[in-house]
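S.K.: Handing you this structure, nothing more for now.
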Amino acid sequence: SLQPDTPFPGFPVMIRLASLSSLLVIVALLAGCKGPSAAIPESTAPTPAIGVPASESSSPQLMKALPTQEARIWARLRQGKGYVILLRHALAPGTGDPANFRLGDCSTQRNLSSAGRRQASQIGEVVRQQKIVVAQVLSSQWCRCLETASLLQLGPVKPFPVLNSFFQDRSTEAAQTEQLRRFILANRNNPGVTIMVTHQVNITAISNIVPPAGSAVVMRPDASDQIELVGQLSSF
């Protein structure tokens with residue numbers, strides 16, 4: 001028979017197992033008591049720009065996209081023929097012309113500002129830096145266009161009525177735009193570049209682009225006798 005002072009066989013082993021189990025339970029409970037502060041807040045995780053890989057979101061190459069496109073246009077202008085630069089006159093504050101407008105009288109017209117004159121000179125400098133061979137410089141008969149063309153210093157300026165503004169008289173828009181289109185096609189084999197200084201409405205009518213003052217649209221005839229829109233130059 002079992003003696004009262006004699007432990008149950010294997011009792012020490014059971015005590016040890018029970019103690020170990022209790023310890024494991026305590027450790028688990030302590031681990032579960034860790035609050036949400038142990039997790040990394042979502043706001044600290046960097047979020048890349050939508051549609052741009054994280055490694056490219058601040059890439060300088062993306063910022064140079066427009067100048068690179070313009071560089072290709074300049075390269076074509078240096079190598080080809082039949083190209084036309086339709087340049088909107090430089091900065092001239094205001095819209096349209098005064099009610100007493102008279103062709104040939106600059107005092108009755110909207111004219112270049114001092115900033116516009118500097119802009120026109122800078123445009124001419126950029127064209128020279130790009131080593132563009134200029135075949136001819138044609139201009140609207142409006143004073144702001146003639147002055148822009150003169151300040152380019154890219155050659156003699158020839159007034160060309162086809163480039164005159166029809167902002168205040170749209171009845172001539174279709175005829176003038178067709179004359180301009182035919183002129184571009186007729187000069188398809190001419191070496192060098194023709195610079196045409198004109199107005200926003202004239203450029204928009206043939207290109208569907210609304211250029212800011214002092215910017216340009218480049219066009220040329222293609223093989224099917226259509227006018228190709230080569231691109232826009234704005235980095236003057």
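Residues are referred to by chain and number: the chain letter is A, B, ... according to the order shown in the structure tokens, the number counts from 1 in that chain, and ligands are numbered separately from 1 in the order shown.
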Write out as a VMD selection string each polymer residue whose atoms come within 12 Å of Ala149 in chain A, counting only C-alpha atoms; drop sequence neighbours fewer than 6 positions from it.
M.R.: chain A and resid 86 to 90 112 116 to 117 119 to 124 136 to 143 155 to 160 194 to 198 214
S.K.: Return as JSON lines the residues of range 120-218 of chain A lying at most 8 Å from range 228-235 of chain A, together with the closest atom-to-atom pair for each and the distance in Å to one decimal, counting only C-alpha atoms, with rows in chain order and ascending residue number.
M.R.:
{"residue": "A:Ser207", "atom": "CA", "partner": "A:Leu229", "partner_atom": "CA", "distance": 7.0}
{"residue": "A:Gly214", "atom": "CA", "partner": "A:Ser234", "partner_atom": "CA", "distance": 7.6}
{"residue": "A:Ser215", "atom": "CA", "partner": "A:Ser234", "partner_atom": "CA", "distance": 4.8}
{"residue": "A:Ala216", "atom": "CA", "partner": "A:Leu233", "partner_atom": "CA", "distance": 5.1}
{"residue": "A:Val217", "atom": "CA", "partner": "A:Gln232", "partner_atom": "CA", "distance": 4.5}
{"residue": "A:Val218", "atom": "CA", "partner": "A:Val230", "partner_atom": "CA", "distance": 5.3}
S.K.: Go ahead and save the residues from that selection, with C-alpha atoms, as a PDB file, in the first residue's frame.
M.R.:
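Result saved to again_38.pdb:
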ATOM      1  CA  SER A 207      -2.827  74.091 -86.917  1.00  0.00           C
ATOM      2  CA  GLY A 214       6.505  84.533 -78.838  1.00  0.00           C
ATOM      3  CA  SER A 215       6.055  80.802 -79.456  1.00  0.00           C
ATOM      4  CA  ALA A 216       5.921  78.976 -82.766  1.00  0.00           C
ATOM      5  CA  VAL A 217       4.348  76.097 -84.653  1.00  0.00           C
ATOM      6  CA  VAL A 218       6.480  74.221 -87.184  1.00  0.00           C
TER       7      VAL A 218
END
S.K.: Just the residues within 8 Å of range 74-81 of chain A, please, counting only C-alpha atoms, with nothing from its chain fewer than 5 positions along; format it as a VMD selection string.
M.R.: chain A and resid 130 to 133 188 to 193
S.K.: Would you save the residues from that selection as an mmCIF file, in the first residue's frame, using all heavy atoms?
M.R.:
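What follows is the written file result-v7.cif:
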data_model
loop_
_atom_site.group_PDB
_atom_site.id
_atom_site.type_symbol
_atom_site.label_atom_id
_atom_site.label_comp_id
_atom_site.auth_asym_id
_atom_site.auth_seq_id
_atom_site.Cartn_x
_atom_site.Cartn_y
_atom_site.Cartn_z
ATOM 1 N N GLN A 130 20.923 77.648 -82.837
ATOM 2 C CA GLN A 130 20.555 76.340 -83.380
ATOM 3 C C GLN A 130 21.071 76.128 -84.801
ATOM 4 O O GLN A 130 20.857 75.071 -85.390
ATOM 5 C CB GLN A 130 19.032 76.174 -83.351
ATOM 6 C CG GLN A 130 18.433 76.074 -81.955
ATOM 7 C CD GLN A 130 18.846 74.812 -81.234
ATOM 8 O OE1 GLN A 130 19.137 73.784 -81.860
ATOM 9 N NE2 GLN A 130 18.889 74.866 -79.907
ATOM 10 N N LYS A 131 21.737 77.158 -85.340
ATOM 11 C CA LYS A 131 22.357 77.072 -86.683
ATOM 12 C C LYS A 131 21.324 76.742 -87.770
ATOM 13 O O LYS A 131 21.547 75.886 -88.633
ATOM 14 C CB LYS A 131 23.495 76.059 -86.686
ATOM 15 C CG LYS A 131 24.583 76.349 -85.651
ATOM 16 C CD LYS A 131 25.746 75.407 -85.775
ATOM 17 C CE LYS A 131 26.751 75.647 -84.653
ATOM 18 N NZ LYS A 131 27.222 77.045 -84.585
ATOM 19 N N ILE A 132 20.200 77.438 -87.702
ATOM 20 C CA ILE A 132 19.138 77.249 -88.683
ATOM 21 C C ILE A 132 19.397 78.161 -89.877
ATOM 22 O O ILE A 132 19.653 79.363 -89.718
ATOM 23 C CB ILE A 132 17.760 77.577 -88.074
ATOM 24 C CG1 ILE A 132 17.504 76.700 -86.837
ATOM 25 C CG2 ILE A 132 16.658 77.395 -89.102
ATOM 26 C CD1 ILE A 132 17.526 75.217 -87.084
ATOM 27 N N VAL A 133 19.345 77.591 -91.064
ATOM 28 C CA VAL A 133 19.480 78.377 -92.290
ATOM 29 C C VAL A 133 18.112 78.980 -92.613
ATOM 30 O O VAL A 133 17.155 78.261 -92.893
ATOM 31 C CB VAL A 133 19.972 77.507 -93.462
ATOM 32 C CG1 VAL A 133 20.016 78.329 -94.751
ATOM 33 C CG2 VAL A 133 21.343 76.923 -93.152
ATOM 34 N N ARG A 188 7.696 73.566 -100.937
ATOM 35 C CA ARG A 188 8.114 72.308 -100.330
ATOM 36 C C ARG A 188 9.560 71.951 -100.620
ATOM 37 O O ARG A 188 10.219 71.268 -99.826
ATOM 38 C CB ARG A 188 7.192 71.184 -100.796
ATOM 39 C CG ARG A 188 7.264 70.890 -102.297
ATOM 40 C CD ARG A 188 6.251 69.822 -102.698
ATOM 41 N NE ARG A 188 6.371 68.668 -101.849
ATOM 42 C CZ ARG A 188 5.342 67.920 -101.439
ATOM 43 N NH1 ARG A 188 4.118 68.221 -101.812
ATOM 44 N NH2 ARG A 188 5.547 66.885 -100.674
ATOM 45 N N ASN A 189 10.109 72.370 -101.765
ATOM 46 C CA ASN A 189 11.478 72.001 -102.137
ATOM 47 C C ASN A 189 12.493 73.111 -101.894
ATOM 48 O O ASN A 189 13.662 72.971 -102.261
ATOM 49 C CB ASN A 189 11.523 71.578 -103.617
ATOM 50 C CG ASN A 189 10.733 70.306 -103.870
ATOM 51 O OD1 ASN A 189 10.806 69.355 -103.092
ATOM 52 N ND2 ASN A 189 9.964 70.284 -104.951
ATOM 53 N N ASN A 190 12.048 74.193 -101.297
ATOM 54 C CA ASN A 190 12.963 75.305 -101.038
ATOM 55 C C ASN A 190 13.923 74.950 -99.904
ATOM 56 O O ASN A 190 13.507 74.496 -98.836
ATOM 57 C CB ASN A 190 12.186 76.565 -100.660
ATOM 58 C CG ASN A 190 11.498 77.189 -101.854
ATOM 59 O OD1 ASN A 190 11.531 76.647 -102.957
ATOM 60 N ND2 ASN A 190 10.849 78.318 -101.644
ATOM 61 N N PRO A 191 15.219 75.158 -100.117
ATOM 62 C CA PRO A 191 16.172 74.905 -99.027
ATOM 63 C C PRO A 191 16.018 75.960 -97.938
ATOM 64 O O PRO A 191 15.596 77.089 -98.190
ATOM 65 C CB PRO A 191 17.532 75.010 -99.716
ATOM 66 C CG PRO A 191 17.282 75.889 -100.908
ATOM 67 C CD PRO A 191 15.883 75.618 -101.350
ATOM 68 N N GLY A 192 16.387 75.598 -96.739
ATOM 69 C CA GLY A 192 16.281 76.535 -95.634
ATOM 70 C C GLY A 192 14.875 76.599 -95.066
ATOM 71 O O GLY A 192 13.955 75.913 -95.520
ATOM 72 N N VAL A 193 14.717 77.449 -94.069
ATOM 73 C CA VAL A 193 13.468 77.568 -93.322
ATOM 74 C C VAL A 193 12.838 78.927 -93.581
ATOM 75 O O VAL A 193 13.531 79.945 -93.601
ATOM 76 C CB VAL A 193 13.727 77.393 -91.810
ATOM 77 C CG1 VAL A 193 12.468 77.672 -91.001
ATOM 78 C CG2 VAL A 193 14.250 75.996 -91.519
#
S.K.: Would you compute the distance between CA of Phe166 in chain A and CA of Ile206 in chain A? Give it in Å to one decimal.
M.R.: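 If I compute the distance from CA of Phe166 in chain A to CA of Ile206 in chain A, I get 13.0 Å.
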S.K.: When you count only C-alpha atoms, which of these residues is closest to Val126 in chain A: A:Ala205, A:Leu154, A:Ala175, A:Met219?
M.R.: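 The answer is A:Leu154, which sits nearest to Val126 in chain A.
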S.K.: Between range 48-157 of chain A and range 183-187 of chain A, at 9 Å or less, what are the per-residue closest atom pairs and their distances in Å? Count only C-alpha atoms, order by chain and rising residue number, and return it as CSV.
M.R.:
residue,atom,partner,partner_atom,distance
A:Lys81,CA,A:Asn187,CA,8.8
A:Gly82,CA,A:Asn187,CA,5.7
A:Tyr83,CA,A:Ile184,CA,8.1
A:Val84,CA,A:Ile184,CA,7.2
S.K.: What would the file look like if the residues just selected were written as an mmCIF file, in the first residue's frame with N, CA, C and O atoms?
M.R.:
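Output contents, as saved in out.cif:
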data_model
loop_
_atom_site.group_PDB
_atom_site.id
_atom_site.type_symbol
_atom_site.label_atom_id
_atom_site.label_comp_id
_atom_site.auth_asym_id
_atom_site.auth_seq_id
_atom_site.Cartn_x
_atom_site.Cartn_y
_atom_site.Cartn_z
ATOM 1 N N LYS A 81 14.148 70.578 -95.728
ATOM 2 C CA LYS A 81 13.783 71.727 -96.549
ATOM 3 C C LYS A 81 12.260 71.806 -96.626
ATOM 4 O O LYS A 81 11.560 70.831 -96.399
ATOM 5 N N GLY A 82 11.782 72.988 -96.969
ATOM 6 C CA GLY A 82 10.342 73.188 -97.041
ATOM 7 C C GLY A 82 9.684 73.467 -95.700
ATOM 8 O O GLY A 82 8.460 73.572 -95.612
ATOM 9 N N TYR A 83 10.477 73.607 -94.641
ATOM 10 C CA TYR A 83 9.907 73.847 -93.313
ATOM 11 C C TYR A 83 9.482 75.299 -93.152
ATOM 12 O O TYR A 83 10.110 76.218 -93.675
ATOM 13 N N VAL A 84 8.410 75.478 -92.387
ATOM 14 C CA VAL A 84 7.888 76.811 -92.091
ATOM 15 C C VAL A 84 7.749 76.941 -90.579
ATOM 16 O O VAL A 84 7.194 76.049 -89.918
#
S.K.: Please, which residues of range 43-213 of chain A, numbered as in this document, come out helix (DSSP H, G or I) from DSSP, as a PyMOL selection string?
M.R.: chain A and resi 43-44+54-56+60-63+65-79+106-108+114-129+143-152+161-163+170-186+200-207
S.K.: How many Å lie between CA of Glu178 in chain A and CA of His199 in chain A, rounded to one decimal?
M.R.: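 Distance reported for this atom pair: 15.8 Å.
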S.K.: If we count only C-alpha atoms and set the cut-off at 7 Å, which residues sit around range 93-103 of chain A, ignoring sequence neighbours fewer than 6 positions away in its own chain? Please answer as a PyMOL selection string.
M.R.: chain A and resi 109-110+113+142+167
S.K.: Extract, using only C-alpha atoms, all DNA, RNA and protein residues at most 7 Å from Gln200 in chain A, discarding same-chain residues fewer than 3 positions from it, and format them as an NGL selection string.
M.R.: :A and (88 or 203-204 or 210-211)
